[in-house]
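Asks: Okay, here's the structure, questions in a sec.
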Amino acid sequence: MPSILLPRRLEVICDLVPSGALIADIGTDHAHLPISLIQSSKCTNAFACDIVDGPLAAAKKNISAHKLDDKIEVIKSDGLENVVSRKPDCIVIAGMGGETIRDILSATDYPVLSGSTLILQPMTHSELLREHLIKRGFSIHDERVVKEQNRFYVIIKAQFKAEQKHYFNFANAVYELGGISAKTLDAGKEYLIWRQKLAEKTIAQIKKSASENPSLLEHHEKVLFETEQRLLKN
């Protein structure tokens, strides 16, 4: 069977996975990510994990079709619950809401105690996920932005270390924007322009509201200002 062809979003996730890592793909769906990582020889073994029987059956079928049953173990697990005993050193959680990813990471001390690399791709609320990571002491090592079919996907690489140190030194709007700049691959500038327009629209809506919220208005004005500053540094 030919190699798996991944969408750009999953290609970038693969790029961020450390070579030789033992990965756990949480919410694996059809197991395309672990299959690709094994096929490319970037990883030698992996865990394909999901809580729903349908995706697990699809994952098993795909893994068998690619003759990788001895390389990829399929695990039924609620988040990391049945995975930590296998001791993965890279955890991928992609395609879920930022709140859900945050809750999965919060449900166990394993991501902290193991120092595993985290590759996270929230569909929504990346700010809540960054807030959790930063407040819990994780270091954010890298971020990428991918645009597919007019939708932006933020991908975050993080790890818990004794000394917290991020790849960026921005002081403002770090929960909302992380370290994303106009030079962030693949679509940092486009993403910031989109965030700029979104902030402008939100500010206008707040100002028109009969019950204008000053603190909410101030928050979005700060995000807008920081977004504009980052675009100017292009």
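Following the order of the structure tokens, first chain is A, next is B, and so on, with residues numbered from 1 inside each chain and ligands from 1 in the order they appear.
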Run DSSP on the backbone and grab whatever in segment 75-192 of chain A lands in strand (DSSP E or B); send it over as a PDB file with N, CA and C atoms, in the first residue's frame.
Replies:
```
ATOM      1  N   ILE A  75      -4.959   1.585  21.290  1.00  0.00           N
ATOM      2  CA  ILE A  75      -5.373   1.613  22.695  1.00  0.00           C
ATOM      3  C   ILE A  75      -6.668   2.385  22.837  1.00  0.00           C
ATOM      4  N   LYS A  76      -7.656   1.785  23.490  1.00  0.00           N
ATOM      5  CA  LYS A  76      -8.877   2.509  23.836  1.00  0.00           C
ATOM      6  C   LYS A  76      -8.618   3.240  25.146  1.00  0.00           C
ATOM      7  N   CYS A  90       6.524  11.332  23.657  1.00  0.00           N
ATOM      8  CA  CYS A  90       5.947  12.402  22.848  1.00  0.00           C
ATOM      9  C   CYS A  90       4.444  12.164  22.768  1.00  0.00           C
ATOM     10  N   ILE A  91       3.677  13.172  23.131  1.00  0.00           N
ATOM     11  CA  ILE A  91       2.222  13.072  23.147  1.00  0.00           C
ATOM     12  C   ILE A  91       1.654  14.062  22.146  1.00  0.00           C
ATOM     13  N   VAL A  92       0.894  13.547  21.190  1.00  0.00           N
ATOM     14  CA  VAL A  92       0.245  14.383  20.182  1.00  0.00           C
ATOM     15  C   VAL A  92      -1.252  14.412  20.468  1.00  0.00           C
ATOM     16  N   ILE A  93      -1.788  15.615  20.590  1.00  0.00           N
ATOM     17  CA  ILE A  93      -3.239  15.776  20.742  1.00  0.00           C
ATOM     18  C   ILE A  93      -3.665  16.830  19.731  1.00  0.00           C
ATOM     19  N   ALA A  94      -4.348  16.396  18.685  1.00  0.00           N
ATOM     20  CA  ALA A  94      -4.707  17.297  17.591  1.00  0.00           C
ATOM     21  C   ALA A  94      -6.185  17.168  17.254  1.00  0.00           C
ATOM     22  N   GLY A  95      -6.756  18.280  16.796  1.00  0.00           N
ATOM     23  CA  GLY A  95      -8.125  18.248  16.308  1.00  0.00           C
ATOM     24  C   GLY A  95      -9.187  18.326  17.374  1.00  0.00           C
ATOM     25  N   MET A  96      -8.831  18.737  18.575  1.00  0.00           N
ATOM     26  CA  MET A  96      -9.798  18.913  19.657  1.00  0.00           C
ATOM     27  C   MET A  96      -9.802  20.368  20.096  1.00  0.00           C
ATOM     28  N   THR A 117       7.519  15.431  25.351  1.00  0.00           N
ATOM     29  CA  THR A 117       7.239  16.491  24.391  1.00  0.00           C
ATOM     30  C   THR A 117       5.758  16.470  24.057  1.00  0.00           C
ATOM     31  N   LEU A 118       5.140  17.638  24.046  1.00  0.00           N
ATOM     32  CA  LEU A 118       3.729  17.761  23.702  1.00  0.00           C
ATOM     33  C   LEU A 118       3.596  18.481  22.359  1.00  0.00           C
ATOM     34  N   ILE A 119       2.872  17.882  21.433  1.00  0.00           N
ATOM     35  CA  ILE A 119       2.536  18.527  20.168  1.00  0.00           C
ATOM     36  C   ILE A 119       1.020  18.689  20.175  1.00  0.00           C
ATOM     37  N   LEU A 120       0.555  19.922  20.251  1.00  0.00           N
ATOM     38  CA  LEU A 120      -0.861  20.194  20.487  1.00  0.00           C
ATOM     39  C   LEU A 120      -1.427  21.069  19.378  1.00  0.00           C
ATOM     40  N   GLN A 121      -2.571  20.655  18.852  1.00  0.00           N
ATOM     41  CA  GLN A 121      -3.204  21.438  17.793  1.00  0.00           C
ATOM     42  C   GLN A 121      -4.674  21.665  18.170  1.00  0.00           C
ATOM     43  N   PRO A 122      -4.938  22.761  18.892  1.00  0.00           N
ATOM     44  CA  PRO A 122      -6.315  23.058  19.294  1.00  0.00           C
ATOM     45  C   PRO A 122      -7.137  23.611  18.134  1.00  0.00           C
ATOM     46  N   PHE A 138       5.030  24.673  31.918  1.00  0.00           N
ATOM     47  CA  PHE A 138       5.560  24.128  30.666  1.00  0.00           C
ATOM     48  C   PHE A 138       6.286  25.216  29.885  1.00  0.00           C
ATOM     49  N   SER A 139       7.323  24.815  29.180  1.00  0.00           N
ATOM     50  CA  SER A 139       8.014  25.705  28.256  1.00  0.00           C
ATOM     51  C   SER A 139       7.441  25.498  26.864  1.00  0.00           C
ATOM     52  N   ILE A 140       7.120  26.590  26.186  1.00  0.00           N
ATOM     53  CA  ILE A 140       6.649  26.504  24.806  1.00  0.00           C
ATOM     54  C   ILE A 140       7.872  26.652  23.898  1.00  0.00           C
ATOM     55  N   HIS A 141       8.190  25.591  23.171  1.00  0.00           N
ATOM     56  CA  HIS A 141       9.406  25.546  22.369  1.00  0.00           C
ATOM     57  C   HIS A 141       9.223  26.047  20.938  1.00  0.00           C
ATOM     58  N   ASP A 142       7.997  25.917  20.417  1.00  0.00           N
ATOM     59  CA  ASP A 142       7.780  26.279  19.021  1.00  0.00           C
ATOM     60  C   ASP A 142       6.278  26.402  18.788  1.00  0.00           C
ATOM     61  N   GLU A 143       5.933  27.176  17.775  1.00  0.00           N
ATOM     62  CA  GLU A 143       4.543  27.287  17.327  1.00  0.00           C
ATOM     63  C   GLU A 143       4.537  27.460  15.817  1.00  0.00           C
ATOM     64  N   ARG A 144       3.548  26.887  15.186  1.00  0.00           N
ATOM     65  CA  ARG A 144       3.370  27.039  13.749  1.00  0.00           C
ATOM     66  C   ARG A 144       1.909  27.400  13.474  1.00  0.00           C
ATOM     67  N   VAL A 145       1.683  28.025  12.331  1.00  0.00           N
ATOM     68  CA  VAL A 145       0.321  28.332  11.896  1.00  0.00           C
ATOM     69  C   VAL A 145       0.140  27.791  10.486  1.00  0.00           C
ATOM     70  N   VAL A 146      -0.895  26.994  10.295  1.00  0.00           N
ATOM     71  CA  VAL A 146      -1.198  26.415   8.988  1.00  0.00           C
ATOM     72  C   VAL A 146      -2.569  26.911   8.555  1.00  0.00           C
ATOM     73  N   LYS A 147      -2.693  27.235   7.278  1.00  0.00           N
ATOM     74  CA  LYS A 147      -3.989  27.628   6.731  1.00  0.00           C
ATOM     75  C   LYS A 147      -4.429  26.587   5.716  1.00  0.00           C
ATOM     76  N   GLU A 148      -5.589  26.015   5.963  1.00  0.00           N
ATOM     77  CA  GLU A 148      -6.162  25.029   5.052  1.00  0.00           C
ATOM     78  C   GLU A 148      -7.637  25.342   4.857  1.00  0.00           C
ATOM     79  N   ARG A 151      -9.158  28.159   6.825  1.00  0.00           N
ATOM     80  CA  ARG A 151      -9.172  28.048   8.281  1.00  0.00           C
ATOM     81  C   ARG A 151      -7.733  27.972   8.773  1.00  0.00           C
ATOM     82  N   PHE A 152      -7.465  28.671   9.888  1.00  0.00           N
ATOM     83  CA  PHE A 152      -6.131  28.662  10.478  1.00  0.00           C
ATOM     84  C   PHE A 152      -6.049  27.602  11.572  1.00  0.00           C
ATOM     85  N   TYR A 153      -4.907  26.930  11.607  1.00  0.00           N
ATOM     86  CA  TYR A 153      -4.635  25.934  12.644  1.00  0.00           C
ATOM     87  C   TYR A 153      -3.335  26.306  13.353  1.00  0.00           C
ATOM     88  N   VAL A 154      -3.424  26.463  14.654  1.00  0.00           N
ATOM     89  CA  VAL A 154      -2.249  26.760  15.471  1.00  0.00           C
ATOM     90  C   VAL A 154      -1.719  25.452  16.055  1.00  0.00           C
ATOM     91  N   ILE A 155      -0.413  25.253  15.948  1.00  0.00           N
ATOM     92  CA  ILE A 155       0.224  24.040  16.469  1.00  0.00           C
ATOM     93  C   ILE A 155       1.284  24.464  17.478  1.00  0.00           C
ATOM     94  N   ILE A 156       1.224  23.895  18.661  1.00  0.00           N
ATOM     95  CA  ILE A 156       2.089  24.283  19.780  1.00  0.00           C
ATOM     96  C   ILE A 156       2.950  23.095  20.204  1.00  0.00           C
ATOM     97  N   LYS A 157       4.244  23.341  20.338  1.00  0.00           N
ATOM     98  CA  LYS A 157       5.170  22.325  20.852  1.00  0.00           C
ATOM     99  C   LYS A 157       5.638  22.774  22.230  1.00  0.00           C
ATOM    100  N   ALA A 158       5.429  21.936  23.239  1.00  0.00           N
ATOM    101  CA  ALA A 158       5.748  22.318  24.617  1.00  0.00           C
ATOM    102  C   ALA A 158       6.341  21.142  25.374  1.00  0.00           C
ATOM    103  N   GLN A 159       6.954  21.455  26.500  1.00  0.00           N
ATOM    104  CA  GLN A 159       7.577  20.415  27.335  1.00  0.00           C
ATOM    105  C   GLN A 159       7.768  20.973  28.735  1.00  0.00           C
ATOM    106  N   PHE A 160       7.578  20.116  29.732  1.00  0.00           N
ATOM    107  CA  PHE A 160       7.821  20.546  31.110  1.00  0.00           C
ATOM    108  C   PHE A 160       9.297  20.346  31.432  1.00  0.00           C
ATOM    109  N   ASP A 186       3.543  28.349   8.891  1.00  0.00           N
ATOM    110  CA  ASP A 186       3.564  28.622   7.459  1.00  0.00           C
ATOM    111  C   ASP A 186       2.869  29.954   7.136  1.00  0.00           C
TER     112      ASP A 186
END
```
Asks: Which of these residues is nearest to Ser114 of chain A, using only C-alpha atoms: A:His66, A:Lys189, A:Lys87, A:His220?
Replies: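 Checking each of A:His66, A:Lys189, A:Lys87, A:His220 against Ser114 of chain A, counting only C-alpha atoms, the winner is A:Lys87.
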Asks: I need the residue nearest Ile23 of chain A from this list: A:Thr227, A:Thr108, A:Ser116, A:Ser64. Use only C-alpha atoms for the distance.
Replies: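 Ranked by minimum distance to Ile23 of chain A, first place goes to A:Ser116.
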Asks: Just how far from atom CA of Arg8 of chain A is atom CA of Ile104 of chain A, in Å to one decimal?
Replies: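 We find that atom CA of Ile104 of chain A and atom CA of Arg8 of chain A lie 24.7 Å from each other.
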Asks: Please provide the set of residues having any atom within 10 Å of Asp50 of chain A, restricted to only C-alpha atoms, with same-chain residues fewer than 6 positions apart removed, written as a list in words.
Replies: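 Surrounding residues, per the criterion: Asp25, Ile26, Gly27, Thr28, Asp29, His30, Ala31, Leu56, Ala57, Ala59, Val74, Ile75, Lys76, Ser77, Asp78, Gly79 and Leu80 of chain A.
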Asks: Go ahead and dump the residues you just picked, C-alpha atoms, as a JSON list (two decimals), in the first residue's frame.
Replies:
```
[["chain", "number", "residue", "atom", "x", "y", "z"],
["A", 25, "ASP", "CA", -1.48, 9.97, 19.24],
["A", 26, "ILE", "CA", -4.51, 10.88, 21.36],
["A", 27, "GLY", "CA", -7.72, 11.03, 19.34],
["A", 28, "THR", "CA", -6.00, 9.19, 16.52],
["A", 29, "ASP", "CA", -9.09, 8.77, 14.32],
["A", 30, "HIS", "CA", -7.76, 6.77, 11.32],
["A", 31, "ALA", "CA", -4.18, 6.54, 12.68],
["A", 56, "LEU", "CA", -10.41, 2.63, 16.78],
["A", 57, "ALA", "CA", -11.78, 0.13, 14.27],
["A", 59, "ALA", "CA", -7.30, 2.82, 12.93],
["A", 74, "VAL", "CA", -4.14, 0.57, 19.25],
["A", 75, "ILE", "CA", -5.37, 1.61, 22.69],
["A", 76, "LYS", "CA", -8.88, 2.51, 23.84],
["A", 77, "SER", "CA", -8.33, 5.33, 26.28],
["A", 78, "ASP", "CA", -10.09, 8.34, 27.74],
["A", 79, "GLY", "CA", -7.35, 10.88, 27.15],
["A", 80, "LEU", "CA", -4.10, 9.59, 28.64]]
```
Asks: Counting only C-alpha atoms, figure out which residue out of A:Gly98, A:Pro111, A:Pro2, A:Gly137 gets nearest to Gln39 of chain A.
Replies: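 Comparing A:Gly98, A:Pro111, A:Pro2, A:Gly137 against Gln39 of chain A, the winner is A:Pro2.
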Asks: Which residue out of A:Asn45, A:Ser3, A:Gln229, A:Ser211 has the minimum interatomic distance to Ile193 of chain A when only C-alpha atoms are used?
Replies: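 Of the candidates, the smallest distance to Ile193 of chain A is held by A:Gln229.
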Asks: What does the distance from atom CA of Ser215 of chain A to atom CA of Thr202 of chain A come to in Å, to one decimal?
Replies: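 Atom CA of Ser215 of chain A sits 13.2 Å away from atom CA of Thr202 of chain A.
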Asks: One number please: atom CA of Leu128 of chain A to atom CA of Trp194 of chain A, in Å, one decimal.
Replies: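 These atoms are spaced 19.0 Å apart.
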Asks: Do you know which residues are at most 9 Å from His125 of chain A counting only C-alpha atoms, after dropping those on the same chain fewer than 2 positions away, and could you put them as a list of chain:residue names?
Replies: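 The neighbour list is A:Gly97, A:Gly98, A:Glu99, A:Pro122, A:Met123, A:Glu127, A:Leu128, A:Leu129, A:Arg130, A:Glu176.
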Asks: When DSSP is applied to the backbone of this structure, which of segment 1-180 of chain A are assigned alpha helix (DSSP H)? Write them out as a compact mmCIF listing (two decimals) with N, CA, C and O atoms, in the first residue's frame.
Replies:
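Okay, this is what ended up in selection-v2.txt:
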```
# COMPACT_ATOMS: atom_id res chain seq x y z
N ARG A 8 -1.54 19.36 5.17
CA ARG A 8 -0.40 20.15 5.65
C ARG A 8 -0.37 20.24 7.17
O ARG A 8 0.70 20.21 7.79
N ARG A 9 -1.53 20.34 7.79
CA ARG A 9 -1.62 20.43 9.25
C ARG A 9 -0.91 19.25 9.90
O ARG A 9 -0.12 19.42 10.85
N LEU A 10 -1.17 18.05 9.43
CA LEU A 10 -0.55 16.87 10.01
C LEU A 10 0.91 16.74 9.59
O LEU A 10 1.73 16.20 10.34
N GLU A 11 1.26 17.24 8.41
CA GLU A 11 2.67 17.25 8.00
C GLU A 11 3.51 18.07 8.98
O GLU A 11 4.61 17.66 9.36
N VAL A 12 2.98 19.23 9.37
CA VAL A 12 3.72 20.09 10.30
C VAL A 12 3.84 19.43 11.66
O VAL A 12 4.90 19.50 12.30
N ILE A 13 2.79 18.76 12.10
CA ILE A 13 2.87 18.03 13.36
C ILE A 13 3.97 16.98 13.29
O ILE A 13 4.78 16.83 14.21
N CYS A 14 4.03 16.25 12.19
CA CYS A 14 5.09 15.25 12.01
C CYS A 14 6.47 15.90 12.06
O CYS A 14 7.41 15.35 12.65
N ASP A 15 6.60 17.05 11.44
CA ASP A 15 7.88 17.77 11.45
C ASP A 15 8.33 18.10 12.87
O ASP A 15 9.54 18.10 13.16
N LEU A 16 7.38 18.39 13.74
CA LEU A 16 7.70 18.80 15.11
C LEU A 16 7.97 17.63 16.05
O LEU A 16 8.51 17.82 17.14
N HIS A 32 -3.67 8.01 10.81
CA HIS A 32 -2.82 8.49 9.71
C HIS A 32 -1.49 9.04 10.21
O HIS A 32 -0.45 8.82 9.58
N LEU A 33 -1.52 9.74 11.34
CA LEU A 33 -0.28 10.34 11.86
C LEU A 33 0.74 9.30 12.28
O LEU A 33 1.89 9.33 11.80
N PRO A 34 0.39 8.34 13.15
CA PRO A 34 1.41 7.34 13.51
C PRO A 34 1.86 6.49 12.33
O PRO A 34 3.04 6.13 12.24
N ILE A 35 0.96 6.19 11.41
CA ILE A 35 1.35 5.42 10.23
C ILE A 35 2.41 6.18 9.43
O ILE A 35 3.44 5.62 9.03
N SER A 36 2.18 7.47 9.21
CA SER A 36 3.14 8.28 8.45
C SER A 36 4.48 8.37 9.16
O SER A 36 5.54 8.29 8.52
N LEU A 37 4.46 8.52 10.48
CA LEU A 37 5.71 8.62 11.24
C LEU A 37 6.52 7.34 11.17
O LEU A 37 7.75 7.37 11.09
N ILE A 38 5.86 6.20 11.18
CA ILE A 38 6.55 4.92 11.05
C ILE A 38 7.07 4.73 9.62
O ILE A 38 8.21 4.32 9.40
N GLN A 39 6.23 5.05 8.64
CA GLN A 39 6.63 4.88 7.24
C GLN A 39 7.85 5.72 6.89
O GLN A 39 8.69 5.31 6.09
N ASP A 53 -15.18 3.69 19.64
CA ASP A 53 -14.94 2.41 18.96
C ASP A 53 -14.80 2.56 17.45
O ASP A 53 -13.97 1.86 16.83
N GLY A 54 -15.59 3.44 16.84
CA GLY A 54 -15.53 3.60 15.39
C GLY A 54 -14.15 4.00 14.89
O GLY A 54 -13.57 3.32 14.03
N PRO A 55 -13.59 5.09 15.41
CA PRO A 55 -12.23 5.47 15.01
C PRO A 55 -11.19 4.40 15.33
O PRO A 55 -10.23 4.21 14.57
N LEU A 56 -11.36 3.69 16.44
CA LEU A 56 -10.41 2.63 16.78
C LEU A 56 -10.45 1.51 15.74
O LEU A 56 -9.40 0.99 15.35
N ALA A 57 -11.65 1.17 15.30
CA ALA A 57 -11.78 0.13 14.27
C ALA A 57 -11.14 0.60 12.96
O ALA A 57 -10.45 -0.18 12.28
N ALA A 58 -11.36 1.86 12.61
CA ALA A 58 -10.76 2.42 11.39
C ALA A 58 -9.24 2.44 11.51
O ALA A 58 -8.52 2.14 10.54
N ALA A 59 -8.74 2.79 12.70
CA ALA A 59 -7.30 2.82 12.93
C ALA A 59 -6.70 1.43 12.75
O ALA A 59 -5.68 1.25 12.07
N LYS A 60 -7.33 0.42 13.36
CA LYS A 60 -6.84 -0.95 13.25
C LYS A 60 -6.81 -1.41 11.79
O LYS A 60 -5.87 -2.06 11.35
N LYS A 61 -7.87 -1.06 11.05
CA LYS A 61 -7.94 -1.46 9.65
C LYS A 61 -6.81 -0.83 8.84
O LYS A 61 -6.16 -1.51 8.03
N ASN A 62 -6.58 0.46 9.05
CA ASN A 62 -5.51 1.15 8.32
C ASN A 62 -4.13 0.62 8.69
O ASN A 62 -3.27 0.45 7.82
N ILE A 63 -3.92 0.39 9.97
CA ILE A 63 -2.63 -0.12 10.43
C ILE A 63 -2.34 -1.48 9.82
O ILE A 63 -1.23 -1.76 9.35
N SER A 64 -3.35 -2.34 9.81
CA SER A 64 -3.18 -3.69 9.22
C SER A 64 -2.94 -3.60 7.72
O SER A 64 -2.11 -4.34 7.17
N ALA A 65 -3.66 -2.70 7.07
CA ALA A 65 -3.50 -2.54 5.61
C ALA A 65 -2.09 -2.12 5.25
O ALA A 65 -1.57 -2.49 4.19
N GLY A 98 -9.35 23.56 22.54
CA GLY A 98 -8.30 23.87 23.50
C GLY A 98 -8.68 23.51 24.92
O GLY A 98 -7.84 23.06 25.71
N GLU A 99 -9.95 23.67 25.28
CA GLU A 99 -10.41 23.31 26.62
C GLU A 99 -10.30 21.81 26.84
O GLU A 99 -9.90 21.36 27.92
N THR A 100 -10.65 21.03 25.82
CA THR A 100 -10.57 19.57 25.94
C THR A 100 -9.12 19.12 26.09
O THR A 100 -8.81 18.26 26.93
N ILE A 101 -8.23 19.69 25.29
CA ILE A 101 -6.80 19.34 25.40
C ILE A 101 -6.28 19.71 26.78
O ILE A 101 -5.56 18.94 27.42
N ARG A 102 -6.64 20.89 27.26
CA ARG A 102 -6.25 21.32 28.60
C ARG A 102 -6.71 20.32 29.65
O ARG A 102 -5.95 19.94 30.55
N ASP A 103 -7.95 19.87 29.53
CA ASP A 103 -8.51 18.94 30.53
C ASP A 103 -7.81 17.58 30.47
O ASP A 103 -7.59 16.94 31.50
N ILE A 104 -7.45 17.14 29.27
CA ILE A 104 -6.72 15.87 29.13
C ILE A 104 -5.37 15.97 29.82
O ILE A 104 -4.96 15.06 30.56
N LEU A 105 -4.67 17.08 29.61
CA LEU A 105 -3.35 17.27 30.23
C LEU A 105 -3.46 17.42 31.73
O LEU A 105 -2.55 17.03 32.48
N SER A 106 -4.57 17.99 32.20
CA SER A 106 -4.76 18.24 33.64
C SER A 106 -5.16 16.99 34.41
O SER A 106 -5.03 16.95 35.64
N TYR A 110 1.36 12.90 34.43
CA TYR A 110 2.36 12.31 33.55
C TYR A 110 3.07 13.32 32.66
O TYR A 110 4.31 13.26 32.54
N PRO A 111 2.36 14.26 32.01
CA PRO A 111 3.08 15.22 31.15
C PRO A 111 4.12 16.03 31.91
O PRO A 111 5.14 16.41 31.33
N VAL A 112 3.88 16.28 33.21
CA VAL A 112 4.84 17.03 34.03
C VAL A 112 5.97 16.12 34.48
O VAL A 112 7.15 16.43 34.31
N LEU A 113 5.61 14.98 35.05
CA LEU A 113 6.62 14.10 35.65
C LEU A 113 7.53 13.46 34.61
O LEU A 113 8.72 13.23 34.87
N SER A 114 7.00 13.18 33.43
CA SER A 114 7.78 12.48 32.39
C SER A 114 8.63 13.44 31.56
O SER A 114 9.61 13.03 30.95
N SER A 126 -7.14 28.43 21.70
CA SER A 126 -5.70 28.22 21.92
C SER A 126 -5.22 29.05 23.11
O SER A 126 -4.25 28.67 23.78
N GLU A 127 -5.91 30.16 23.39
CA GLU A 127 -5.51 31.01 24.52
C GLU A 127 -5.68 30.29 25.86
O GLU A 127 -4.85 30.44 26.77
N LEU A 128 -6.72 29.48 25.99
CA LEU A 128 -6.93 28.74 27.24
C LEU A 128 -5.88 27.65 27.40
O LEU A 128 -5.43 27.36 28.52
N LEU A 129 -5.49 27.05 26.30
CA LEU A 129 -4.46 26.02 26.34
C LEU A 129 -3.10 26.63 26.69
O LEU A 129 -2.37 26.10 27.53
N ARG A 130 -2.75 27.75 26.07
CA ARG A 130 -1.49 28.41 26.40
C ARG A 130 -1.48 28.85 27.86
O ARG A 130 -0.45 28.73 28.55
N GLU A 131 -2.58 29.37 28.33
CA GLU A 131 -2.65 29.80 29.73
C GLU A 131 -2.37 28.64 30.67
O GLU A 131 -1.61 28.77 31.64
N HIS A 132 -2.96 27.49 30.37
CA HIS A 132 -2.71 26.30 31.19
C HIS A 132 -1.24 25.91 31.15
O HIS A 132 -0.63 25.65 32.20
N LEU A 133 -0.67 25.84 29.96
CA LEU A 133 0.72 25.43 29.81
C LEU A 133 1.66 26.36 30.57
O LEU A 133 2.54 25.91 31.32
N ILE A 134 1.46 27.65 30.40
CA ILE A 134 2.35 28.63 31.01
C ILE A 134 2.21 28.64 32.53
O ILE A 134 3.20 28.63 33.26
N LYS A 135 0.97 28.61 33.02
CA LYS A 135 0.75 28.64 34.46
C LYS A 135 1.20 27.34 35.14
O LYS A 135 1.58 27.35 36.31
N ARG A 136 1.16 26.24 34.39
CA ARG A 136 1.57 24.95 34.96
C ARG A 136 3.08 24.76 34.93
O ARG A 136 3.62 23.86 35.55
N VAL A 174 0.31 37.05 25.48
CA VAL A 174 0.96 35.75 25.25
C VAL A 174 -0.05 34.60 25.26
O VAL A 174 0.17 33.59 24.60
N TYR A 175 -1.11 34.73 26.04
CA TYR A 175 -2.12 33.66 26.01
C TYR A 175 -2.83 33.65 24.66
O TYR A 175 -3.09 32.59 24.10
N GLU A 176 -3.13 34.83 24.14
CA GLU A 176 -3.88 34.93 22.88
C GLU A 176 -3.01 34.65 21.65
O GLU A 176 -3.48 34.04 20.68
N LEU A 177 -1.77 35.10 21.67
CA LEU A 177 -0.92 35.03 20.47
C LEU A 177 0.34 34.19 20.63
O LEU A 177 1.02 33.92 19.64
```
